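File shown here: data-v3.cif, holding mmCIF, C-alpha atoms.
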data_run
loop_
_atom_site.label_atom_id
_atom_site.label_comp_id
_atom_site.auth_asym_id
_atom_site.auth_seq_id
_atom_site.Cartn_x
_atom_site.Cartn_y
_atom_site.Cartn_z
CA MET L 9 -28.60 175.87 -82.33
CA ALA L 10 -27.01 174.69 -85.50
CA THR L 11 -28.65 175.28 -88.88
CA PRO L 12 -27.98 172.48 -91.35
CA VAL L 13 -27.34 173.45 -94.97
CA ASN L 14 -28.72 170.69 -97.15
CA SER L 15 -28.33 170.21 -100.86
CA PRO L 16 -31.51 171.47 -102.53
CA MET L 17 -31.40 168.71 -105.13
CA VAL L 18 -29.55 165.62 -106.26
CA GLY L 19 -26.17 166.52 -107.68
CA LYS L 20 -22.44 166.26 -107.29
CA LEU L 21 -20.73 168.48 -104.77
CA ILE L 22 -18.14 170.53 -106.63
CA SER L 23 -16.79 172.68 -103.82
CA VAL L 24 -17.53 174.02 -100.38
CA ASP L 25 -16.81 177.71 -100.72
CA VAL L 26 -16.40 178.55 -97.01
CA LYS L 27 -14.15 177.34 -94.18
CA VAL L 28 -14.95 176.32 -90.62
CA GLY L 29 -15.12 179.49 -88.55
CA ASP L 30 -16.13 181.76 -91.45
CA GLN L 31 -18.84 184.28 -90.75
CA VAL L 32 -21.60 184.07 -93.38
CA LYS L 33 -24.69 186.18 -93.95
CA GLU L 34 -28.04 184.90 -95.15
CA ASN L 35 -27.99 184.41 -98.95
CA ASP L 36 -24.20 184.27 -99.16
CA PRO L 37 -23.01 181.48 -101.46
CA VAL L 38 -21.54 178.66 -99.38
CA ALA L 39 -21.15 175.72 -101.75
CA THR L 40 -21.41 174.70 -105.40
CA ILE L 41 -23.03 171.56 -106.75
CA GLU L 42 -23.35 170.28 -110.27
CA ALA L 43 -26.73 169.11 -111.51
CA MET L 44 -27.95 168.84 -115.11
CA LYS L 45 -24.46 169.91 -116.26
CA MET L 46 -25.03 173.23 -114.52
CA TYR L 47 -23.16 174.63 -111.56
CA VAL L 48 -25.68 175.56 -108.92
CA LYS L 49 -24.67 177.80 -106.04
CA ILE L 50 -26.09 176.96 -102.66
CA TYR L 51 -26.86 180.01 -100.55
CA ALA L 52 -26.86 180.17 -96.76
CA PRO L 53 -30.40 179.88 -95.38
CA ALA L 54 -29.45 182.01 -92.37
CA SER L 55 -26.59 184.10 -91.01
CA GLY L 56 -24.04 182.45 -88.74
CA VAL L 57 -20.60 180.97 -88.32
CA VAL L 58 -19.63 177.82 -90.21
CA LYS L 59 -19.45 175.12 -87.56
CA GLU L 60 -18.75 171.93 -89.40
CA ILE L 61 -18.29 170.80 -93.00
CA LYS L 62 -19.81 167.39 -93.50
CA ALA L 63 -19.43 166.57 -97.19
CA ASN L 64 -16.48 166.42 -99.55
CA PRO L 65 -16.16 167.64 -103.14
CA GLY L 66 -17.00 164.78 -105.47
CA ASP L 67 -19.68 163.38 -103.15
CA VAL L 68 -23.10 162.75 -104.59
CA VAL L 69 -25.47 164.85 -102.53
CA ASN L 70 -29.24 164.72 -102.31
CA PRO L 71 -31.84 166.66 -100.36
CA ASP L 72 -31.20 164.83 -97.10
CA THR L 73 -27.42 165.26 -97.27
CA VAL L 74 -26.16 167.90 -94.86
CA ILE L 75 -23.29 169.72 -96.56
CA LEU L 76 -22.36 171.93 -93.63
CA THR L 77 -23.83 173.38 -90.48
CA LEU L 78 -24.04 177.00 -89.36
CA GLU L 79 -24.24 178.28 -85.83
CA MET O 24 -9.48 170.78 -180.08
CA LEU O 25 -10.73 174.24 -179.16
CA GLU O 26 -14.18 172.80 -178.70
CA GLN O 27 -12.89 170.22 -176.22
CA LEU O 28 -11.05 172.92 -174.33
CA THR O 29 -14.16 175.08 -174.07
CA GLU O 30 -16.12 172.08 -172.93
CA ALA O 31 -13.53 171.27 -170.29
CA ILE O 32 -13.64 174.84 -169.02
CA ASN O 33 -17.42 174.91 -169.06
CA SER O 34 -17.59 171.77 -166.98
CA THR O 35 -15.61 173.27 -164.10
CA GLY O 36 -17.56 174.42 -161.13
CA LEU O 37 -16.19 177.90 -161.32
CA LEU O 38 -18.03 178.92 -164.48
CA ASN O 39 -21.26 177.45 -163.24
CA LEU O 40 -21.38 179.25 -159.92
CA THR O 41 -24.51 181.32 -159.53
CA PRO O 42 -25.01 184.37 -157.30
CA GLY O 43 -27.40 182.16 -155.31
CA ASN O 44 -24.58 179.72 -154.58
CA LEU O 45 -22.44 182.55 -153.28
CA ILE O 46 -25.19 183.83 -151.00
CA MET O 47 -25.76 180.34 -149.65
CA TRP O 48 -22.05 180.07 -148.92
CA ALA O 49 -22.31 183.29 -146.96
CA VAL O 50 -25.21 181.75 -145.00
CA ALA O 51 -23.11 178.63 -144.41
CA PHE O 52 -20.14 180.64 -143.19
CA ALA O 53 -22.33 182.74 -140.91
CA LEU O 54 -23.74 179.58 -139.30
CA MET O 55 -20.27 178.08 -139.07
CA TYR O 56 -19.04 181.21 -137.34
CA LEU O 57 -21.91 181.06 -134.84
CA ALA O 58 -21.22 177.40 -134.16
CA ILE O 59 -17.45 177.56 -133.89
CA LYS O 60 -16.85 180.99 -132.38
CA LYS O 61 -20.04 181.50 -130.41
CA GLY O 62 -20.75 177.91 -129.42
CA VAL O 63 -24.29 177.96 -130.86
CA GLU O 64 -25.44 174.29 -131.05
CA PRO O 65 -22.10 173.28 -132.62
CA LEU O 66 -22.91 169.56 -132.77
CA LEU O 67 -25.67 170.34 -135.25
CA LEU O 68 -24.69 173.58 -136.88
CA VAL O 69 -21.20 172.45 -137.90
CA PRO O 70 -22.49 169.54 -140.03
CA ILE O 71 -25.53 171.55 -141.20
CA SER O 72 -23.45 174.52 -142.28
CA PHE O 73 -20.90 172.35 -144.05
CA GLY O 74 -23.79 170.55 -145.73
CA ILE O 75 -25.04 173.90 -147.05
CA PHE O 76 -21.55 174.84 -148.18
CA ALA O 77 -20.91 171.57 -150.02
CA ALA O 78 -24.38 171.27 -151.53
CA ASN O 79 -24.01 174.68 -153.15
CA PHE O 80 -21.11 173.72 -155.36
CA PRO O 81 -22.37 173.45 -158.93
CA LEU O 82 -22.31 170.18 -160.89
CA THR O 83 -21.41 167.93 -157.95
CA GLY O 84 -24.55 165.84 -158.09
CA LEU O 85 -24.38 165.50 -154.30
CA MET O 86 -28.10 166.13 -153.99
CA GLU O 87 -29.25 164.44 -157.18
CA PRO O 88 -30.91 161.04 -156.80
CA GLY O 89 -28.11 158.59 -156.06
CA GLY O 90 -25.76 161.36 -154.89
CA LEU O 91 -24.06 161.04 -151.52
CA TYR O 92 -25.95 163.72 -149.63
CA TYR O 93 -29.14 162.69 -151.36
CA MET O 94 -28.74 159.25 -149.80
CA PHE O 95 -28.31 160.75 -146.33
CA PHE O 96 -31.32 162.93 -146.91
CA HIS O 97 -33.54 160.41 -148.65
CA ASN O 98 -32.79 157.33 -146.59
CA GLY O 99 -32.17 159.02 -143.29
CA ILE O 100 -34.52 161.95 -143.16
CA GLN O 101 -37.18 161.65 -145.84
CA ASN O 102 -37.81 158.07 -144.78
CA GLU O 103 -38.03 159.32 -141.19
CA LEU O 104 -35.30 157.07 -139.89
CA ILE O 105 -32.92 159.41 -138.11
CA PRO O 106 -35.16 161.60 -135.93
CA PRO O 107 -36.57 158.53 -134.13
CA LEU O 108 -33.03 157.22 -133.62
CA ILE O 109 -32.12 160.52 -131.98
CA PHE O 110 -35.20 160.17 -129.82
CA LEU O 111 -33.90 156.77 -128.70
CA GLY O 112 -30.77 158.50 -127.43
CA LEU O 113 -32.74 161.33 -125.83
CA GLY O 114 -34.91 158.79 -124.04
CA ALA O 115 -31.78 157.12 -122.71
CA MET O 116 -30.72 160.33 -121.02
CA THR O 117 -34.04 161.69 -119.81
CA ASP O 118 -34.91 161.36 -116.15
CA PHE O 119 -38.67 161.31 -115.77
CA GLY O 120 -38.34 161.48 -111.99
CA PRO O 121 -39.54 165.11 -111.73
CA VAL O 122 -42.59 164.32 -113.88
CA ILE O 123 -43.47 161.23 -111.86
CA ALA O 124 -43.04 163.10 -108.58
CA ASN O 125 -45.26 165.93 -109.78
CA PRO O 126 -47.48 164.75 -112.66
CA LYS O 127 -49.14 168.16 -112.87
CA THR O 128 -46.07 169.30 -114.74
CA LEU O 129 -47.22 167.18 -117.69
CA LEU O 130 -49.94 169.75 -118.18
CA LEU O 131 -47.38 172.53 -118.31
CA GLY O 132 -45.46 170.69 -121.00
CA ALA O 133 -48.70 170.44 -122.92
CA ALA O 134 -49.51 174.10 -122.32
CA ALA O 135 -46.32 175.19 -124.01
CA GLN O 136 -47.68 173.67 -127.20
CA LEU O 137 -49.90 176.76 -127.33
CA GLY O 138 -46.91 178.39 -128.97
CA VAL O 139 -47.02 175.76 -131.69
CA TYR O 140 -50.65 176.53 -132.44
CA ALA O 141 -50.20 180.30 -132.14
CA ALA O 142 -47.48 180.18 -134.78
CA PHE O 143 -49.52 177.73 -136.86
CA PHE O 144 -52.47 180.10 -137.12
CA THR O 145 -50.25 183.13 -137.69
CA ALA O 146 -48.49 181.28 -140.50
CA LEU O 147 -51.85 180.56 -142.11
CA LEU O 148 -52.55 184.30 -142.03
CA PHE O 149 -49.20 184.92 -143.70
CA GLY O 150 -50.43 182.80 -146.62
CA PHE O 151 -48.59 179.56 -145.96
CA ASN O 152 -50.60 176.46 -146.77
CA ILE O 153 -51.81 174.24 -143.96
CA ALA O 154 -48.95 171.72 -144.16
CA GLU O 155 -46.32 174.47 -144.25
CA ALA O 156 -47.98 176.28 -141.37
CA ALA O 157 -47.88 173.13 -139.25
CA VAL O 158 -44.17 172.70 -139.89
CA ILE O 159 -43.52 176.34 -138.98
CA GLY O 160 -45.65 176.06 -135.87
CA ILE O 161 -43.73 173.07 -134.59
CA ILE O 162 -40.63 175.29 -134.31
CA GLY O 163 -42.30 176.57 -131.14
CA GLY O 164 -41.88 173.15 -129.58
CA ALA O 165 -38.14 173.84 -129.57
CA ASP O 166 -37.36 170.31 -130.54
CA GLY O 167 -35.02 169.80 -133.51
CA PRO O 168 -35.62 166.14 -134.35
CA THR O 169 -39.40 166.58 -134.11
CA THR O 170 -39.27 169.63 -136.36
CA ILE O 171 -37.27 167.71 -138.94
CA PHE O 172 -39.54 164.68 -138.60
CA LEU O 173 -42.67 166.71 -139.22
CA SER O 174 -41.23 168.66 -142.10
CA ALA O 175 -40.05 165.45 -143.81
CA ASN O 176 -43.65 164.34 -143.51
CA LEU O 177 -45.51 167.47 -144.54
CA ALA O 178 -43.29 170.07 -146.17
CA PRO O 179 -39.79 168.84 -147.12
CA HIS O 180 -39.08 172.05 -149.04
CA LEU O 181 -39.10 174.03 -145.79
CA MET O 182 -36.87 171.64 -143.87
CA GLY O 183 -33.68 173.65 -144.10
CA ALA O 184 -35.25 176.89 -142.95
CA VAL O 185 -37.36 175.44 -140.13
CA SER O 186 -34.59 173.32 -138.70
CA VAL O 187 -32.06 176.12 -138.75
CA ALA O 188 -34.68 178.40 -137.15
CA ALA O 189 -35.44 175.79 -134.48
CA TYR O 190 -31.80 175.14 -133.62
CA SER O 191 -30.79 178.79 -133.59
CA TYR O 192 -33.72 179.85 -131.42
CA MET O 193 -32.99 177.00 -129.04
CA ALA O 194 -29.58 178.51 -128.55
CA LEU O 195 -31.32 181.82 -127.90
CA VAL O 196 -33.56 180.41 -125.15
CA PRO O 197 -31.57 182.31 -122.49
CA LEU O 198 -32.47 185.53 -124.31
CA ILE O 199 -36.06 184.71 -125.28
CA ILE O 200 -37.47 183.31 -122.03
CA PRO O 201 -36.44 185.95 -119.46
CA PRO O 202 -38.28 188.95 -120.93
CA VAL O 203 -41.44 186.90 -121.52
CA ALA O 204 -41.27 185.39 -118.04
CA LYS O 205 -40.64 188.73 -116.34
CA LEU O 206 -43.49 190.34 -118.20
CA LEU O 207 -45.96 187.71 -117.03
CA THR O 208 -44.88 187.21 -113.41
CA THR O 209 -44.40 189.43 -110.38
CA PRO O 210 -41.15 189.32 -108.38
CA ARG O 211 -43.11 187.70 -105.57
CA GLU O 212 -44.32 184.90 -107.82
CA ARG O 213 -40.80 184.31 -109.09
CA ALA O 214 -39.46 184.17 -105.54
CA MET O 215 -41.84 181.39 -104.55
CA VAL O 216 -40.08 178.32 -103.19
CA MET O 217 -41.64 175.01 -104.18
CA LYS O 218 -42.20 172.05 -101.93
CA GLN O 219 -39.46 169.45 -101.89
CA MET O 220 -40.10 166.74 -104.47
CA ARG O 221 -40.90 163.26 -103.21
CA PRO O 222 -38.38 160.54 -104.02
CA VAL O 223 -39.38 158.32 -106.94
CA SER O 224 -38.88 154.56 -106.80
CA LYS O 225 -37.11 152.47 -109.41
CA GLY O 226 -40.32 150.56 -110.10
CA GLU O 227 -42.17 153.75 -110.97
CA LYS O 228 -39.38 154.80 -113.29
CA ILE O 229 -39.52 151.47 -115.12
CA LEU O 230 -43.30 151.55 -115.42
CA PHE O 231 -43.42 155.14 -116.64
CA PRO O 232 -42.14 154.60 -120.21
CA LEU O 233 -44.56 151.69 -120.64
CA LEU O 234 -47.58 153.56 -119.31
CA ALA O 235 -46.69 156.72 -121.21
CA SER O 236 -46.37 154.73 -124.46
CA LEU O 237 -49.73 153.10 -123.86
CA VAL O 238 -51.52 156.36 -123.27
CA ILE O 239 -49.82 158.49 -125.91
CA ILE O 240 -49.64 156.01 -128.78
CA LEU O 241 -53.24 154.92 -128.27
CA LEU O 242 -54.33 158.56 -128.33
CA VAL O 243 -52.10 159.80 -131.16
CA PRO O 244 -50.92 156.79 -133.18
CA LYS O 245 -48.92 158.93 -135.60
CA SER O 246 -46.59 160.00 -132.81
CA ALA O 247 -45.49 156.38 -132.47
CA PRO O 248 -42.15 156.58 -134.34
CA LEU O 249 -40.87 159.27 -131.98
CA ILE O 250 -42.58 158.20 -128.77
CA ALA O 251 -41.89 154.47 -129.11
CA MET O 252 -38.17 155.08 -129.59
CA PHE O 253 -38.01 157.69 -126.85
CA MET O 254 -39.65 155.36 -124.35
CA LEU O 255 -37.49 152.42 -125.41
CA GLY O 256 -34.38 154.48 -124.74
CA ASN O 257 -35.81 155.44 -121.38
CA LEU O 258 -36.57 151.82 -120.53
CA PHE O 259 -32.98 150.89 -121.47
CA MET O 260 -31.73 153.43 -118.95
CA GLU O 261 -34.18 152.85 -116.13
CA SER O 262 -34.13 149.06 -116.28
CA GLY O 263 -30.46 149.22 -115.35
CA VAL O 264 -29.76 145.84 -116.95
CA VAL O 265 -28.66 146.96 -120.42
CA GLN O 266 -25.98 149.51 -119.64
CA ARG O 267 -24.28 148.85 -122.98
CA LEU O 268 -27.42 149.56 -124.98
CA THR O 269 -28.11 152.66 -122.91
CA ASP O 270 -24.61 153.96 -123.53
CA VAL O 271 -24.55 153.24 -127.23
CA SER O 272 -27.98 154.83 -127.73
CA ARG O 273 -27.13 158.08 -126.05
CA ASN O 274 -23.51 158.35 -127.16
CA GLU O 275 -22.18 156.56 -130.23
CA LEU O 276 -25.42 155.95 -132.12
CA MET O 277 -26.66 159.46 -131.47
CA ASN O 278 -23.35 160.99 -132.55
CA ILE O 279 -23.23 158.95 -135.74
CA VAL O 280 -26.75 159.76 -136.86
CA THR O 281 -26.26 163.42 -135.93
CA ILE O 282 -23.62 163.65 -138.67
CA PHE O 283 -26.01 162.29 -141.30
CA LEU O 284 -28.88 164.38 -139.99
CA GLY O 285 -26.86 167.58 -140.10
CA LEU O 286 -25.47 166.95 -143.58
CA GLY O 287 -28.83 165.85 -144.93
CA VAL O 288 -30.62 168.90 -143.56
CA GLY O 289 -27.89 171.29 -144.67
CA ALA O 290 -27.89 169.82 -148.16
CA THR O 291 -31.58 170.64 -148.61
CA MET O 292 -30.69 174.31 -148.44
CA SER O 293 -30.08 175.11 -152.06
CA ALA O 294 -30.32 178.68 -153.25
CA GLU O 295 -33.63 177.96 -155.03
CA THR O 296 -35.39 176.64 -151.94
CA PHE O 297 -33.85 178.87 -149.28
CA LEU O 298 -33.51 182.32 -150.84
CA LYS O 299 -37.18 183.22 -150.74
CA PRO O 300 -39.13 185.77 -148.73
CA GLN O 301 -40.87 182.90 -146.95
CA THR O 302 -37.60 182.02 -145.23
CA ILE O 303 -37.63 185.40 -143.51
CA TYR O 304 -41.26 184.87 -142.46
CA ILE O 305 -40.29 181.49 -141.04
CA PHE O 306 -37.66 183.08 -138.82
CA ILE O 307 -40.10 185.75 -137.63
CA LEU O 308 -42.84 183.20 -136.95
CA GLY O 309 -40.34 180.94 -135.23
CA ILE O 310 -39.57 183.51 -132.58
CA VAL O 311 -43.29 184.23 -132.16
CA ALA O 312 -43.76 180.52 -131.58
CA PHE O 313 -41.03 180.41 -128.94
CA ALA O 314 -42.33 183.42 -127.07
CA PHE O 315 -45.88 182.08 -127.08
CA ALA O 316 -44.72 178.67 -125.92
CA ALA O 317 -43.03 180.19 -122.88
CA ALA O 318 -46.01 182.45 -122.23
CA GLY O 319 -48.46 179.56 -122.57
CA GLY O 320 -46.65 177.49 -119.98
CA ILE O 321 -46.49 180.37 -117.50
CA LEU O 322 -50.14 181.32 -117.90
CA ILE O 323 -51.37 177.76 -117.49
CA ALA O 324 -49.17 177.42 -114.39
CA LYS O 325 -50.83 180.51 -112.93
CA ILE O 326 -54.30 179.20 -113.77
CA MET O 327 -53.42 175.83 -112.24
CA ASN O 328 -52.39 177.59 -109.05
CA LEU O 329 -55.90 179.00 -108.69
CA PHE O 330 -57.30 175.50 -108.29
CA THR O 331 -54.63 173.58 -106.40
CA THR O 332 -53.20 173.68 -102.92
CA ASN O 333 -49.68 172.49 -103.71
CA LYS O 334 -48.76 175.53 -105.79
CA VAL O 335 -46.08 175.69 -108.44
CA ASN O 336 -43.79 178.58 -109.19
CA PRO O 337 -45.24 179.89 -112.49
CA LEU O 338 -41.74 180.26 -113.91
CA ILE O 339 -41.47 176.51 -114.36
CA GLY O 340 -44.20 176.75 -117.00
CA ALA O 341 -41.72 178.53 -119.23
CA ALA O 342 -39.58 175.38 -119.21
CA GLY O 343 -42.34 173.66 -121.19
CA VAL O 344 -40.63 174.82 -124.39
CA SER O 345 -38.53 171.66 -124.65
CA ALA O 346 -34.92 172.78 -125.28
CA VAL O 347 -33.77 170.31 -122.61
CA PRO O 348 -32.14 171.18 -120.25
CA MET O 349 -31.41 174.76 -121.30
CA ALA O 350 -34.93 176.04 -120.63
CA ALA O 351 -34.89 174.50 -117.14
CA ARG O 352 -31.56 176.15 -116.42
CA VAL O 353 -32.84 179.54 -117.50
CA VAL O 354 -35.88 179.12 -115.26
CA HIS O 355 -33.63 178.15 -112.36
CA MET O 356 -31.59 181.28 -112.87
CA LEU O 357 -34.65 183.52 -112.97
CA GLY O 358 -35.89 181.94 -109.74
CA SER O 359 -32.65 182.33 -107.88
CA GLU O 360 -32.34 185.91 -109.08
CA ALA O 361 -35.63 186.68 -107.34
CA ASN O 362 -34.76 184.67 -104.25
CA PRO O 363 -31.40 182.98 -103.66
CA GLN O 364 -33.12 180.30 -101.57
CA ASN O 365 -35.19 179.28 -104.57
CA TYR O 366 -33.84 176.20 -106.37
CA LEU O 367 -36.11 175.51 -109.33
CA LEU O 368 -33.84 173.41 -111.53
CA MET O 369 -35.35 170.01 -110.75
CA HIS O 370 -38.90 171.35 -110.58
CA ALA O 371 -38.42 172.87 -114.02
CA MET O 372 -37.21 169.56 -115.45
CA GLY O 373 -40.78 168.23 -115.16
CA PRO O 374 -42.37 170.60 -117.67
CA ASN O 375 -39.14 170.51 -119.65
CA VAL O 376 -39.20 166.79 -120.45
CA ALA O 377 -43.00 166.88 -120.68
CA GLY O 378 -42.50 169.51 -123.37
CA VAL O 379 -40.52 167.04 -125.48
CA ILE O 380 -43.38 164.57 -125.30
CA GLY O 381 -45.89 167.35 -125.92
CA THR O 382 -44.14 168.45 -129.09
CA ALA O 383 -43.91 164.90 -130.43
CA VAL O 384 -47.62 164.49 -129.76
CA ALA O 385 -48.41 167.81 -131.44
CA ALA O 386 -46.43 166.64 -134.49
CA GLY O 387 -48.36 163.36 -134.52
CA ALA O 388 -51.63 165.26 -134.29
CA PHE O 389 -50.66 167.47 -137.24
CA ILE O 390 -49.79 164.43 -139.34
CA THR O 391 -53.10 162.78 -138.49
CA ALA O 392 -55.07 165.91 -139.27
CA ILE O 393 -53.30 166.95 -142.45
CA HIS O 394 -52.10 163.81 -144.19
#
What does the file become when written as structure tokens?
Amino acid sequence: MATPVNSPMVGKLISVDVKVGDQVKENDPVATIEAMKMYVKIYAPASGVVKEIKANPGDVVNPDTVILTLE
Amino acid sequence: MLEQLTEAINSTGLLNLTPGNLIMWAVAFALMYLAIKKGVEPLLLVPISFGIFAANFPLTGLMEPGGLYYMFFHNGIQNELIPPLIFLGLGAMTDFGPVIANPKTLLLGAAAQLGVYAAFFTALLFGFNIAEAAVIGIIGGADGPTTIFLSANLAPHLMGAVSVAAYSYMALVPLIIPPVAKLLTTPRERAMVMKQMRPVSKGEKILFPLLASLVIILLVPKSAPLIAMFMLGNLFMESGVVQRLTDVSRNELMNIVTIFLGLGVGATMSAETFLKPQTIYIFILGIVAFAFAAAGGILIAKIMNLFTTNKVNPLIGAAGVSAVPMAARVVHMLGSEANPQNYLLMHAMGPNVAGVIGTAVAAGAFITAIH
């Protein structure tokens, strides 16, 4: 079962800080977005392996955008 | 011959410098250092500090009626022209989405005005008169243009001190809010994740500035100069049909008037008006006002949670001290420190922008009550 990692708020995706296949633990930073001129780290909601990266830096992301999925 | 020479020498600035001028230069350089080296509100403190520096040269006439800085001050600030123009620009960059999605946050923005009143009453105890106390209290709203607006109205002689206090404490928001917030909340409260905000439609965003103007200006007519311009700027932005006006309001126009605002405020800070014990009291009361504003927002958020089902993280109450968007950022950081899965930034923007309105309303109320 894949866990989607969504953007918590509207913003611009600055970077995805993990690669496909990386092992991440819950609360590890996985991506960075910019909102309100502030860089906001997005933390993994669960532990797992990065399965797929679905968004690119520069994309405008909002709460229903899946940035990456974990398995 | 000798007489003319003496006269020529006596008319140079050098011989007319007073110790007060020198102290004010030191104040100017200290602010300049903070602005340039430490990045403290440079857009305001660079022109303000240079204004102080230049206005404290003897015999220049810069601040005498007809003088250059006097014109900036008199026409721009004393006549209350520039702060509303800045509000136009602020309106054109404020997203009311978080407030519309969660109107409860308006209350939190209002709650933070407790700081204004706390400082107001404390200032009265310190022996300031009622108009001066109001101007000192408004520092707690953490809103520069509103502070300047109110002081032009009620106590122009305090303008330099209160505006410098307001702008420097705003820069200190990351240091002032965390201890207050941590004192008043438990780690569990700070860790609380809030419900996803509902999306807000374009129609709602266009209607908001109109409805908000109706309600606020009917209730507190004296807040009209600030609120009407703020809401016009917001309508520019949200209507989406006047991109050029939106851009010029929040960029060029705002930048231009900021220069005159800064110089005009700085130039009011002559040695005679600034070097007084009351200036020190103003700085002390200013920080009291900030701390109480943050505390007020948090406490009201906690009280609100007792009565509602859709609870808010009490931290967002602290964002009710305007200082947009710095206060919201600080709140976000506190939340994610307690729980990495907690993203409060957008939730905190609600009380944050509501705080701007709240402070403008508080200023209007003071003018109504005192004038």
>> Around the point (-36.9, 174.4, -115.9) (coordinates from the file), which residues reach within 7 Å if we count only C-alpha atoms? Answer as JSON, numbers by chain.
In response: {"O": [339, 342, 350, 351, 352, 353, 354, 355, 367, 368, 369, 370, 371, 372, 374, 375]}
Dump of C-alpha atoms for the selected residues, as a PDB file, in the coordinates of the input:
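Here's the written file selection_23.pdb:
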ATOM      1  CA  ILE O 339     -41.470 176.510-114.360  1.00  0.00           C
ATOM      2  CA  ALA O 342     -39.580 175.380-119.210  1.00  0.00           C
ATOM      3  CA  ALA O 350     -34.930 176.040-120.630  1.00  0.00           C
ATOM      4  CA  ALA O 351     -34.890 174.500-117.140  1.00  0.00           C
ATOM      5  CA  ARG O 352     -31.560 176.150-116.420  1.00  0.00           C
ATOM      6  CA  VAL O 353     -32.840 179.540-117.500  1.00  0.00           C
ATOM      7  CA  VAL O 354     -35.880 179.120-115.260  1.00  0.00           C
ATOM      8  CA  HIS O 355     -33.630 178.150-112.360  1.00  0.00           C
ATOM      9  CA  LEU O 367     -36.110 175.510-109.330  1.00  0.00           C
ATOM     10  CA  LEU O 368     -33.840 173.410-111.530  1.00  0.00           C
ATOM     11  CA  MET O 369     -35.350 170.010-110.750  1.00  0.00           C
ATOM     12  CA  HIS O 370     -38.900 171.350-110.580  1.00  0.00           C
ATOM     13  CA  ALA O 371     -38.420 172.870-114.020  1.00  0.00           C
ATOM     14  CA  MET O 372     -37.210 169.560-115.450  1.00  0.00           C
ATOM     15  CA  PRO O 374     -42.370 170.600-117.670  1.00  0.00           C
ATOM     16  CA  ASN O 375     -39.140 170.510-119.650  1.00  0.00           C
TER      17      ASN O 375
END
Return as CSV the residues of region 310-370 of chain O lying at most 10 Å from region 29-42 of chain L, together with the closest atom-to-atom pair for each and the distance in Å to one decimal, counting all atoms listed in the file, with rows in chain order and ascending residue number.
residue,atom,partner,partner_atom,distance
O:Asn362,CA,L:Asn35,CA,8.6
O:Pro363,CA,L:Asn35,CA,6.0
O:Gln364,CA,L:Asn35,CA,7.1
>> Can you translate the PyMOL selection byres ((chain L) within 12 of (chain O)) into the concrete residues it hits in this file, as a ChimeraX atom specification?
In response: /L:13-19,34-38,41-54,70-72
Deliver the residues from the most recent selection as a file, using C-alpha atoms, as a CSV table (one decimal), keeping the file's coordinate frame.
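Contents of the output file again.csv:
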chain,number,residue,atom,x,y,z
L,13,VAL,CA,-27.3,173.4,-95.0
L,14,ASN,CA,-28.7,170.7,-97.2
L,15,SER,CA,-28.3,170.2,-100.9
L,16,PRO,CA,-31.5,171.5,-102.5
L,17,MET,CA,-31.4,168.7,-105.1
L,18,VAL,CA,-29.6,165.6,-106.3
L,19,GLY,CA,-26.2,166.5,-107.7
L,34,GLU,CA,-28.0,184.9,-95.2
L,35,ASN,CA,-28.0,184.4,-99.0
L,36,ASP,CA,-24.2,184.3,-99.2
L,37,PRO,CA,-23.0,181.5,-101.5
L,38,VAL,CA,-21.5,178.7,-99.4
L,41,ILE,CA,-23.0,171.6,-106.8
L,42,GLU,CA,-23.4,170.3,-110.3
L,43,ALA,CA,-26.7,169.1,-111.5
L,44,MET,CA,-28.0,168.8,-115.1
L,45,LYS,CA,-24.5,169.9,-116.3
L,46,MET,CA,-25.0,173.2,-114.5
L,47,TYR,CA,-23.2,174.6,-111.6
L,48,VAL,CA,-25.7,175.6,-108.9
L,49,LYS,CA,-24.7,177.8,-106.0
L,50,ILE,CA,-26.1,177.0,-102.7
L,51,TYR,CA,-26.9,180.0,-100.6
L,52,ALA,CA,-26.9,180.2,-96.8
L,53,PRO,CA,-30.4,179.9,-95.4
L,54,ALA,CA,-29.4,182.0,-92.4
L,70,ASN,CA,-29.2,164.7,-102.3
L,71,PRO,CA,-31.8,166.7,-100.4
L,72,ASP,CA,-31.2,164.8,-97.1
> Residues at most 9 Å from Ile239 (chain O), counting all atoms listed in the file, excluding those fewer than 6 positions away in the same chain, as number ranges by chain?
Replying inline: O: 246-247, 250, 380, 384
> Written as a ChimeraX atom specification, which residues does the PyMOL selection byres ((chain O and resi 293) around 10) give for the file shown?
Replying inline: /O:43-44,47-48,75-76,78-80,86,180,183,289-292,294-298
> What does the PyMOL selection byres ((chain L and resi 11) around 8) select in this file, as a list of chain:residue names?
Replying inline: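 Answer for the PyMOL selection byres ((chain L and resi 11) around 8): L:Met9, L:Ala10, L:Pro12, L:Val13, L:Ala54, L:Thr77, L:Leu78, L:Glu79.
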Can I get the selection written as a CSV table (one decimal), in the coordinates of the input, with C-alpha atoms?
chain,number,residue,atom,x,y,z
L,9,MET,CA,-28.6,175.9,-82.3
L,10,ALA,CA,-27.0,174.7,-85.5
L,12,PRO,CA,-28.0,172.5,-91.4
L,13,VAL,CA,-27.3,173.4,-95.0
L,54,ALA,CA,-29.4,182.0,-92.4
L,77,THR,CA,-23.8,173.4,-90.5
L,78,LEU,CA,-24.0,177.0,-89.4
L,79,GLU,CA,-24.2,178.3,-85.8
> Could you state the separation of CA of Ser34 (chain O) and CA of Met94 (chain O) in Å, given to one decimal place?
Replying inline: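 We find that CA of Ser34 (chain O) and CA of Met94 (chain O) lie 24.0 Å from each other.
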>> Please report the interatomic distance between CA of Tyr56 (chain O) and CA of Leu308 (chain O) in Å with one decimal.
In response: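 Separation between CA of Tyr56 (chain O) and CA of Leu308 (chain O): 23.9 Å.
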